[in-house]
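Engineer: Below you will find the structure I want to go over with you.
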Amino acid sequence: MSSSSELLQQLNALLRLTQTEVMFAETRRGQAADDDIERELATNADKARERTRLLTEAIRSLGGAPDVTGIAFGRMTASTKAIVEQGQDLVDALLGDLGLEYELLDRTKFSKMLAEQLEQRQVERVLDRLEVAHNATIDWIMTRLAEIAVGGPVALRPSPVQAVAGFGRRVGTLPARQSAQLVNWSAERVVELRSWAGDRVSENVDRTRQLVEAAGSIWTAGRNASLKRSEQIAEERGDRSTARRVNRTRRDLGAVDGDEMPIRRYDSLTADTAIERIRSLRDASDARAVLAYETANKGRKSVLNAARERVEELAEQVAAAS
């Protein structure tokens, strides 16, 4: 196969994968934790569409034809993944996104080698843009994973079924009897949520976010009460390790009292003072606890933004050190 034919083949592969990337970005918009992240993901999707246009022009400049059938298949693959990943934990879904970005990056680098060999400067410039974009997206996904590693997520929320799947993983840290009750309860919610949300996967972003919020309201109160009682039981039995784990889960969910916060007298602080204290936090779990508590109780926008920024800063430090 000539280098020219190989380059066209790789560009068409990039075109197909980029179409999949667009749909992945749109799927994640429905899981954005706030409007800023949603706008960021919308911008990412628009930039991916622009890369689709540039790749199409590059293919035509080489005398080739865009693989229309392959593009349609890429869209279908993305739609299928959006449905399948509802049974996955959010981490697994993000790792799938990361795998796509690495494949795009590797193919882009190889395509650039071919373009350099053929002295196709216009195609090289397109591929330079793609390389920068995919590196940036990889960094973005790694930051989201780092947020989860330190106890998030912050920027992305799981879908209703993903929320139950993730909670099912963590329930193993609870006392045996309480675990059995929560597992049974979670299984019932999975059945209900699948029947409720199954036909709505491809609906618009606003509807998807409504489903996430509605699903959360169904079980939040019972979950918080169960966790608090589990911690009490563990303490009564002298099982300090389990009590600490359950307390950490409660902190992550904002299901704690004001006197349990890592910042003293938090409830009495003004927004400006709270922000100052948040920016001085050095422990990711403490920053995450403040964010969760503020979200669940006070909801002050400036404080929430400061807490999110601090969690993300600490998450980026974890990602940079890994």
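Every chain in the structure tokens has a letter given in the order shown (A, B, ...), and although residue numbers restart at 1 in each chain, ligands are simply numbered from 1 in the order shown.
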So which residues touch A:Ala287 within 7 Å, counting only C-alpha atoms, skipping near sequence neighbours fewer than 2 positions away, as a list of chain:residue names?
Structural biologist: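 The neighbour list is A:Ile278, A:Leu281, A:Asp283, A:Ala284, A:Ser285, A:Ala289, A:Val290, A:Leu291, A:Ala307, A:Arg310, A:Val311.
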Engineer: From the list A:Val126, A:Ile233, A:Ala315, A:Leu55, which residue is nearest A:Leu15 when using only C-alpha atoms?
Structural biologist: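 Distance minimum relative to A:Leu15 lands on A:Leu55.
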Engineer: Of the candidates A:Glu294, A:Pro262, A:Gly96, A:Leu90, which shows the shortest atom-to-atom distance to A:Ser280, using only C-alpha atoms?
Structural biologist: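 For A:Ser280, the nearest of the given residues is A:Pro262.
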Engineer: With only C-alpha atoms as the basis for distance, which of A:Val22, A:Thr43, A:Gln317, A:Leu118 is at the shortest distance from A:Met142?
Structural biologist: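 Ranking A:Val22, A:Thr43, A:Gln317, A:Leu118 by distance to A:Met142, first place goes to A:Gln317.
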